[in-house]
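One file, data_10.txt, is given below (compact mmCIF, C-alpha atoms and all ligand atoms).
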# COMPACT_ATOMS: atom_id res chain seq x y z
CA MET A 1 -14.74 39.49 -3.22
CA ALA A 2 -13.67 36.88 -5.74
CA THR A 3 -13.74 33.27 -4.64
CA VAL A 4 -10.76 31.19 -5.71
CA ILE A 5 -11.39 27.47 -6.02
CA ASN A 6 -8.43 25.51 -7.33
CA THR A 7 -8.79 22.31 -5.39
CA SER A 8 -11.47 20.12 -3.83
CA LEU A 9 -9.57 20.03 -0.53
CA ASP A 10 -9.26 23.23 1.50
CA ARG A 11 -6.34 24.00 3.80
CA SER A 12 -8.06 23.06 7.06
CA ARG A 13 -9.07 19.74 5.57
CA ARG A 14 -5.51 19.03 4.47
CA ALA A 15 -4.19 19.86 7.94
CA LEU A 16 -6.74 17.52 9.48
CA LEU A 17 -5.71 14.71 7.16
CA ARG A 18 -2.04 15.23 7.92
CA GLY A 19 -2.59 15.23 11.67
CA ARG A 20 -4.93 12.29 12.00
CA VAL A 21 -4.09 9.10 13.83
CA ARG A 22 -5.08 5.82 12.22
CA ALA A 23 -5.42 2.32 13.62
CA ARG A 24 -3.84 0.76 10.52
CA PRO A 25 -1.13 1.97 8.17
CA LEU A 26 -2.35 4.27 5.45
CA LEU A 27 -1.44 2.87 2.05
CA ARG A 28 -1.26 5.31 -0.84
CA PRO A 29 -0.90 4.32 -4.50
CA PRO A 30 2.56 3.24 -5.65
CA TRP A 31 4.95 6.09 -6.44
CA ALA A 32 2.91 8.48 -4.29
CA LEU A 33 5.06 11.13 -2.65
CA ASP A 34 5.44 11.15 1.14
CA GLU A 35 2.16 11.64 2.98
CA ALA A 36 2.47 15.38 3.65
CA ARG A 37 3.38 16.20 0.06
CA PHE A 38 0.80 13.80 -1.32
CA VAL A 39 -2.01 15.33 0.71
CA ASP A 40 -0.93 18.79 -0.40
CA ALA A 41 -0.80 17.89 -4.07
CA CYS A 42 -3.74 15.50 -4.50
CA THR A 43 -7.05 17.17 -5.34
CA GLY A 44 -9.11 14.04 -4.80
CA CYS A 45 -10.14 14.04 -8.46
CA GLY A 46 -10.12 10.23 -8.61
CA ASP A 47 -8.27 9.97 -11.92
CA CYS A 48 -5.76 7.48 -10.51
CA ILE A 49 -8.54 5.31 -9.11
CA ALA A 50 -10.35 5.25 -12.44
CA ALA A 51 -7.12 4.41 -14.27
CA CYS A 52 -6.27 1.33 -12.21
CA PRO A 53 -6.92 -1.83 -14.24
CA GLU A 54 -6.66 -4.01 -11.15
CA ARG A 55 -9.27 -1.99 -9.21
CA VAL A 56 -7.09 -1.96 -6.11
CA LEU A 57 -7.35 1.78 -5.46
CA ALA A 58 -10.31 3.07 -3.46
CA VAL A 59 -11.63 6.42 -2.31
CA GLY A 60 -10.41 6.99 1.22
CA GLU A 61 -10.70 9.66 3.85
CA GLY A 62 -11.01 13.15 2.40
CA ALA A 63 -11.73 11.65 -1.03
CA LEU A 64 -8.04 10.79 -1.36
CA PRO A 65 -6.97 7.52 -3.00
CA GLU A 66 -5.79 4.55 -0.96
CA PHE A 67 -4.34 1.21 -1.97
CA ASP A 68 -6.47 -1.59 -0.55
CA PRO A 69 -4.66 -4.93 -0.93
CA SER A 70 -7.77 -6.79 0.19
CA LEU A 71 -9.13 -5.89 -3.26
CA GLY A 72 -6.26 -7.51 -5.11
CA GLU A 73 -2.70 -7.21 -6.25
CA CYS A 74 -0.90 -4.16 -7.60
CA SER A 75 0.75 -5.03 -10.91
CA PHE A 76 2.96 -1.91 -10.84
CA CYS A 77 1.70 -0.94 -14.28
CA GLY A 78 2.10 2.75 -13.40
CA ASP A 79 -1.25 3.79 -14.87
CA CYS A 80 -2.30 5.53 -11.65
CA ALA A 81 0.80 7.74 -11.56
CA ARG A 82 0.54 8.51 -15.27
CA ALA A 83 -3.13 9.48 -14.94
CA CYS A 84 -2.46 12.07 -12.25
CA GLY A 85 -2.33 15.67 -13.45
CA GLU A 86 -0.96 17.01 -10.17
CA PRO A 87 2.55 16.80 -8.67
CA ALA A 88 1.48 13.98 -6.34
CA PHE A 89 3.63 11.13 -7.67
CA GLY A 90 7.34 10.53 -8.05
CA LEU A 91 9.19 9.22 -11.06
CA LEU A 92 8.20 5.83 -12.43
CA ALA A 93 11.89 5.06 -12.83
CA ASP A 94 12.20 5.05 -9.04
CA ALA A 95 11.05 2.32 -6.66
CA PRO A 96 7.24 2.44 -6.29
CA TRP A 97 7.31 2.24 -2.49
CA THR A 98 9.05 0.59 0.45
CA LEU A 99 6.10 -1.60 1.45
CA ARG A 100 6.83 -5.16 2.45
CA ALA A 101 4.53 -7.92 3.73
CA GLU A 102 4.55 -8.86 7.39
CA VAL A 103 2.82 -11.87 8.92
CA GLY A 104 1.00 -11.25 12.17
CA ASP A 105 0.01 -13.35 15.15
CA THR A 106 -3.32 -14.47 13.71
CA CYS A 107 -1.54 -16.68 11.16
CA LEU A 108 -3.21 -20.09 11.32
CA THR A 109 0.10 -21.92 11.53
CA ARG A 110 0.73 -20.32 14.91
CA LYS A 111 -2.35 -22.15 16.15
CA GLY A 112 -1.16 -25.44 14.71
CA VAL A 113 -3.26 -25.26 11.53
CA VAL A 114 -1.47 -26.12 8.28
CA CYS A 115 -1.82 -23.35 5.68
CA SER A 116 0.25 -22.04 2.80
CA SER A 117 -2.20 -19.81 0.93
CA CYS A 118 0.13 -16.81 1.09
CA ARG A 119 3.00 -18.72 -0.49
CA ASP A 120 0.74 -19.95 -3.27
CA ALA A 121 -0.38 -16.38 -4.02
CA CYS A 122 3.09 -14.85 -4.14
CA GLY A 123 4.44 -14.46 -7.65
CA GLU A 124 7.84 -13.43 -6.33
CA SER A 125 8.46 -16.61 -4.32
CA ALA A 126 9.08 -14.34 -1.36
CA ILE A 127 7.30 -16.53 1.19
CA THR A 128 8.91 -19.70 2.45
CA PHE A 129 8.09 -22.10 5.25
CA PRO A 130 11.32 -23.03 7.04
CA VAL A 131 10.81 -26.36 8.78
CA THR A 132 11.35 -25.42 12.40
CA SER A 133 8.29 -27.13 13.87
CA ALA A 134 5.60 -29.67 13.04
CA VAL A 135 3.52 -26.91 11.45
CA PRO A 136 5.94 -24.52 9.72
CA SER A 137 5.14 -20.80 9.71
CA PRO A 138 5.62 -18.40 6.80
CA HIS A 139 8.71 -16.26 6.47
CA VAL A 140 8.77 -13.24 4.17
CA ASP A 141 12.02 -12.53 2.36
CA ALA A 142 12.04 -8.73 2.37
CA GLY A 143 14.61 -8.76 -0.40
CA ARG A 144 12.19 -10.47 -2.77
CA CYS A 145 8.89 -8.98 -1.55
CA THR A 146 7.60 -6.11 -3.69
CA GLY A 147 4.68 -5.21 -1.43
CA CYS A 148 2.25 -6.08 -4.23
CA GLY A 149 -0.35 -7.27 -1.73
CA ALA A 150 -1.31 -10.53 -3.45
CA CYS A 151 -0.79 -12.47 -0.25
CA VAL A 152 -2.93 -10.10 1.83
CA GLY A 153 -6.25 -11.01 0.27
CA ALA A 154 -5.26 -14.67 -0.05
CA CYS A 155 -4.81 -15.13 3.68
CA PRO A 156 -7.90 -16.69 5.28
CA ALA A 157 -6.94 -15.29 8.67
CA ALA A 158 -6.29 -11.67 7.64
CA ALA A 159 -2.85 -12.14 9.15
CA ILE A 160 -0.78 -10.22 6.61
CA GLY A 161 -0.23 -6.50 6.51
CA LEU A 162 1.93 -4.25 4.35
CA HIS A 163 4.35 -1.98 6.16
CA ALA A 164 7.02 0.45 5.07
CA SER A 165 10.48 -1.03 5.21
CA VAL A 166 12.32 0.95 7.91
CA GLU A 167 15.71 0.43 6.27
CA GLU A 168 14.54 1.69 2.89
CA ALA A 169 12.47 4.49 4.40
CA VAL A 170 15.57 5.88 6.10
CA ASP A 171 17.52 5.70 2.86
CA ALA A 172 14.73 7.30 0.83
S1 LIG B 201 0.40 0.62 -10.50
FE1 LIG B 201 -1.31 -0.12 -11.79
S2 LIG B 201 -2.20 -1.83 -10.62
FE2 LIG B 201 -0.90 -0.67 -9.16
S3 LIG B 201 -2.34 0.79 -8.18
FE3 LIG B 201 -1.39 1.86 -9.93
S4 LIG B 201 -2.85 1.56 -11.67
FE4 LIG B 201 -3.37 0.03 -10.05
S1 LIG B 202 -2.10 -17.51 4.30
FE1 LIG B 202 -2.27 -16.42 6.29
S2 LIG B 202 -2.86 -18.03 7.76
FE2 LIG B 202 -2.05 -19.08 5.93
S3 LIG B 202 0.15 -19.41 6.36
FE3 LIG B 202 -0.01 -17.45 5.20
S4 LIG B 202 -0.15 -15.87 6.81
FE4 LIG B 202 -0.60 -17.84 7.82
S1 LIG B 203 3.37 -8.62 -0.91
FE1 LIG B 203 3.51 -9.64 -2.93
S2 LIG B 203 5.69 -10.08 -3.21
FE2 LIG B 203 5.38 -9.61 -1.01
S3 LIG B 203 5.08 -11.63 -0.03
FE3 LIG B 203 3.05 -10.81 -0.52
S4 LIG B 203 2.56 -11.67 -2.54
FE4 LIG B 203 4.78 -11.91 -2.25
As structure tokens, what does this structure read like?
Amino acid sequence: MATVINTSLDRSRRALLRGRVRARPLLRPPWALDEARFVDACTGCGDCIAACPERVLAVGEGALPEFDPSLGECSFCGDCARACGEPAFGLLADAPWTLRAEVGDTCLTRKGVVCSSCRDACGESAITFPVTSAVPSPHVDAGRCTGCGACVGACPAAAIGLHASVEEAVDA
């Protein structure tokens, strides 16, 4: 019987990846299709990872690419999507994703420690510190935030995560 190999991920492996539960949000490259369609289309070839000039894409579970903002900032150059030979990415003319930064409870300012590293790292001026207490805490303007991840690695307390914007996800 002939053996047909047209992908490095077999069906059972894809089903496992789709059904898994993760402790932290899974971040795919910008312009990646929704998770189910991405897992179906991506062969795990690594072309997008190799194409990224910022080195912010890493090999994840099942050899599939993941965006790791602790490695740096996505510049939205589009090289990852252009490098992919499979129908795993959407159109570059569309929004790259709905990710937005969120500040968690481990933020140093919530313990009375002055810090503004995230604001300094943000090229979109999306983080402000409204003066509501002696040690102001960061506020992310979701309208300005692009989800680039620059603030994530800059935070000394690992307090910032990227999460899909619910409002935009519903509209998408
Ligand atoms: S858009 Fe550019 S910087 Fe961002 S993950 Fe893709 S290749 Fe890397
Ligand atoms: S860099 Fe981190 S610890 Fe510092 S203010 Fe921003 S979120 Fe808080
Ligand atoms: S993800 Fe990027 S744009 Fe959004 S707050 Fe952080 S540094 Fe600014």
As a compact mmCIF listing (two decimals) with C-alpha atoms, in the frame of the given file, please: every protein or nucleic acid residue near ligand LIG 202 (chain B) (cut-off 6 Å, counting only C-alpha atoms and all ligand atoms).
# COMPACT_ATOMS: atom_id res chain seq x y z
CA VAL A 103 2.82 -11.87 8.92
CA CYS A 107 -1.54 -16.68 11.16
CA LEU A 108 -3.21 -20.09 11.32
CA THR A 109 0.10 -21.92 11.53
CA CYS A 115 -1.82 -23.35 5.68
CA SER A 116 0.25 -22.04 2.80
CA SER A 117 -2.20 -19.81 0.93
CA CYS A 118 0.13 -16.81 1.09
CA PRO A 138 5.62 -18.40 6.80
CA CYS A 155 -4.81 -15.13 3.68
CA PRO A 156 -7.90 -16.69 5.28
CA ALA A 157 -6.94 -15.29 8.67
CA ALA A 159 -2.85 -12.14 9.15
CA ILE A 160 -0.78 -10.22 6.61
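When only C-alpha atoms are used to compute distances to Trp97 (chain A), the closest of the residues A:Cys52, A:Ala150, A:Leu26, A:Ser165 turns out to be A:Ser165.
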Each residue of chain A lying at most 12 Å from ligand LIG 201 (chain B) should get a row with its shortest atom-to-atom pair and the distance in Å to one decimal, counting all atoms listed in the file; could you produce that, ordered by chain and increasing number, as a Markdown table?
| residue | atom | partner | partner_atom | distance |
| --- | --- | --- | --- | --- |
| A:Leu27 | CA | B:LIG201 | S3 | 10.5 |
| A:Arg28 | CA | B:LIG201 | S3 | 8.7 |
| A:Pro29 | CA | B:LIG201 | S3 | 5.3 |
| A:Pro30 | CA | B:LIG201 | S1 | 5.9 |
| A:Trp31 | CA | B:LIG201 | S1 | 8.2 |
| A:Ala32 | CA | B:LIG201 | FE3 | 9.7 |
| A:Gly46 | CA | B:LIG201 | S4 | 11.7 |
| A:Asp47 | CA | B:LIG201 | S4 | 10.0 |
| A:Cys48 | CA | B:LIG201 | S4 | 6.7 |
| A:Ile49 | CA | B:LIG201 | S4 | 7.3 |
| A:Ala50 | CA | B:LIG201 | S4 | 8.4 |
| A:Ala51 | CA | B:LIG201 | S4 | 5.8 |
| A:Cys52 | CA | B:LIG201 | S4 | 3.5 |
| A:Pro53 | CA | B:LIG201 | FE4 | 5.8 |
| A:Glu54 | CA | B:LIG201 | S2 | 5.0 |
| A:Arg55 | CA | B:LIG201 | FE4 | 6.3 |
| A:Val56 | CA | B:LIG201 | FE4 | 5.8 |
| A:Leu57 | CA | B:LIG201 | S3 | 5.8 |
| A:Ala58 | CA | B:LIG201 | S3 | 9.5 |
| A:Pro65 | CA | B:LIG201 | S3 | 9.7 |
| A:Glu66 | CA | B:LIG201 | S3 | 8.8 |
| A:Phe67 | CA | B:LIG201 | S3 | 6.5 |
| A:Asp68 | CA | B:LIG201 | S3 | 9.0 |
| A:Pro69 | CA | B:LIG201 | S3 | 9.5 |
| A:Leu71 | CA | B:LIG201 | FE4 | 10.7 |
| A:Gly72 | CA | B:LIG201 | S2 | 8.9 |
| A:Glu73 | CA | B:LIG201 | S2 | 6.9 |
| A:Cys74 | CA | B:LIG201 | FE2 | 3.8 |
| A:Ser75 | CA | B:LIG201 | S2 | 4.4 |
| A:Phe76 | CA | B:LIG201 | S1 | 3.6 |
| A:Cys77 | CA | B:LIG201 | FE1 | 4.0 |
| A:Gly78 | CA | B:LIG201 | S1 | 4.0 |
| A:Asp79 | CA | B:LIG201 | S4 | 4.2 |
| A:Cys80 | CA | B:LIG201 | S4 | 4.0 |
| A:Ala81 | CA | B:LIG201 | FE3 | 6.5 |
| A:Arg82 | CA | B:LIG201 | S4 | 8.5 |
| A:Ala83 | CA | B:LIG201 | S4 | 8.6 |
| A:Cys84 | CA | B:LIG201 | FE3 | 10.5 |
| A:Phe89 | CA | B:LIG201 | FE3 | 10.8 |
| A:Leu92 | CA | B:LIG201 | S1 | 9.6 |
| A:Ala95 | CA | B:LIG201 | S1 | 11.4 |
| A:Pro96 | CA | B:LIG201 | S1 | 8.2 |
| A:Trp97 | CA | B:LIG201 | S1 | 10.7 |
| A:Thr146 | CA | B:LIG201 | FE2 | 11.5 |
| A:Gly147 | CA | B:LIG201 | FE2 | 10.6 |
| A:Cys148 | CA | B:LIG201 | FE2 | 8.0 |
| A:Gly149 | CA | B:LIG201 | FE2 | 10.0 |
| A:Ala150 | CA | B:LIG201 | S2 | 11.3 |
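Atom to atom, CA of Glu61 (chain A) and CA of Ala164 (chain A) stand 20.0 Å apart.
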(message) Please determine, counting all atoms listed in the file, which residue among A:Val39, A:Ser70, A:Pro87, A:Asp105 has the shortest atom-to-atom distance to ligand LIG 203 (chain B).
(response) A:Ser70
Return as a CSV table (one decimal) with C-alpha atoms, keeping the file's coordinate frame the residues of protein, DNA or RNA that approach ligand LIG 203 (chain B) to within 8 Å, with all atoms listed in the file taken into account.
chain,number,residue,atom,x,y,z
A,73,GLU,CA,-2.7,-7.2,-6.2
A,99,LEU,CA,6.1,-1.6,1.4
A,100,ARG,CA,6.8,-5.2,2.4
A,101,ALA,CA,4.5,-7.9,3.7
A,102,GLU,CA,4.6,-8.9,7.4
A,118,CYS,CA,0.1,-16.8,1.1
A,119,ARG,CA,3.0,-18.7,-0.5
A,121,ALA,CA,-0.4,-16.4,-4.0
A,122,CYS,CA,3.1,-14.8,-4.1
A,123,GLY,CA,4.4,-14.5,-7.6
A,124,GLU,CA,7.8,-13.4,-6.3
A,125,SER,CA,8.5,-16.6,-4.3
A,126,ALA,CA,9.1,-14.3,-1.4
A,127,ILE,CA,7.3,-16.5,1.2
A,140,VAL,CA,8.8,-13.2,4.2
A,141,ASP,CA,12.0,-12.5,2.4
A,142,ALA,CA,12.0,-8.7,2.4
A,144,ARG,CA,12.2,-10.5,-2.8
A,145,CYS,CA,8.9,-9.0,-1.6
A,146,THR,CA,7.6,-6.1,-3.7
A,147,GLY,CA,4.7,-5.2,-1.4
A,148,CYS,CA,2.2,-6.1,-4.2
A,149,GLY,CA,-0.4,-7.3,-1.7
A,150,ALA,CA,-1.3,-10.5,-3.4
A,151,CYS,CA,-0.8,-12.5,-0.2
A,152,VAL,CA,-2.9,-10.1,1.8
A,162,LEU,CA,1.9,-4.2,4.4
(request) Mind giving me the straight-line distance from CA of Leu33 (chain A) to CA of Ala88 (chain A) in Å, one decimal? (result)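 Computing it gives 5.9 Å between the two atoms.
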(request) With a distance cut-off of 9 Å and only C-alpha atoms, select the neighbouring residues of Val114 (chain A), excluding the residue or stretch itself and same-chain residues fewer than 6 positions from it, and output the selection as a PyMOL selection string. (result) chain A and resi 108+135-137
(request) Calculate how many Å separate CA of Asp34 (chain A) from CA of Ala154 (chain A), rounding to one decimal. (result) 28.0 Å
(request) Using only C-alpha atoms, find the one residue out of A:Gly60, A:Pro130, A:Pro25, A:Gly90 that sits nearest to Ala41 (chain A). (result) A:Gly90
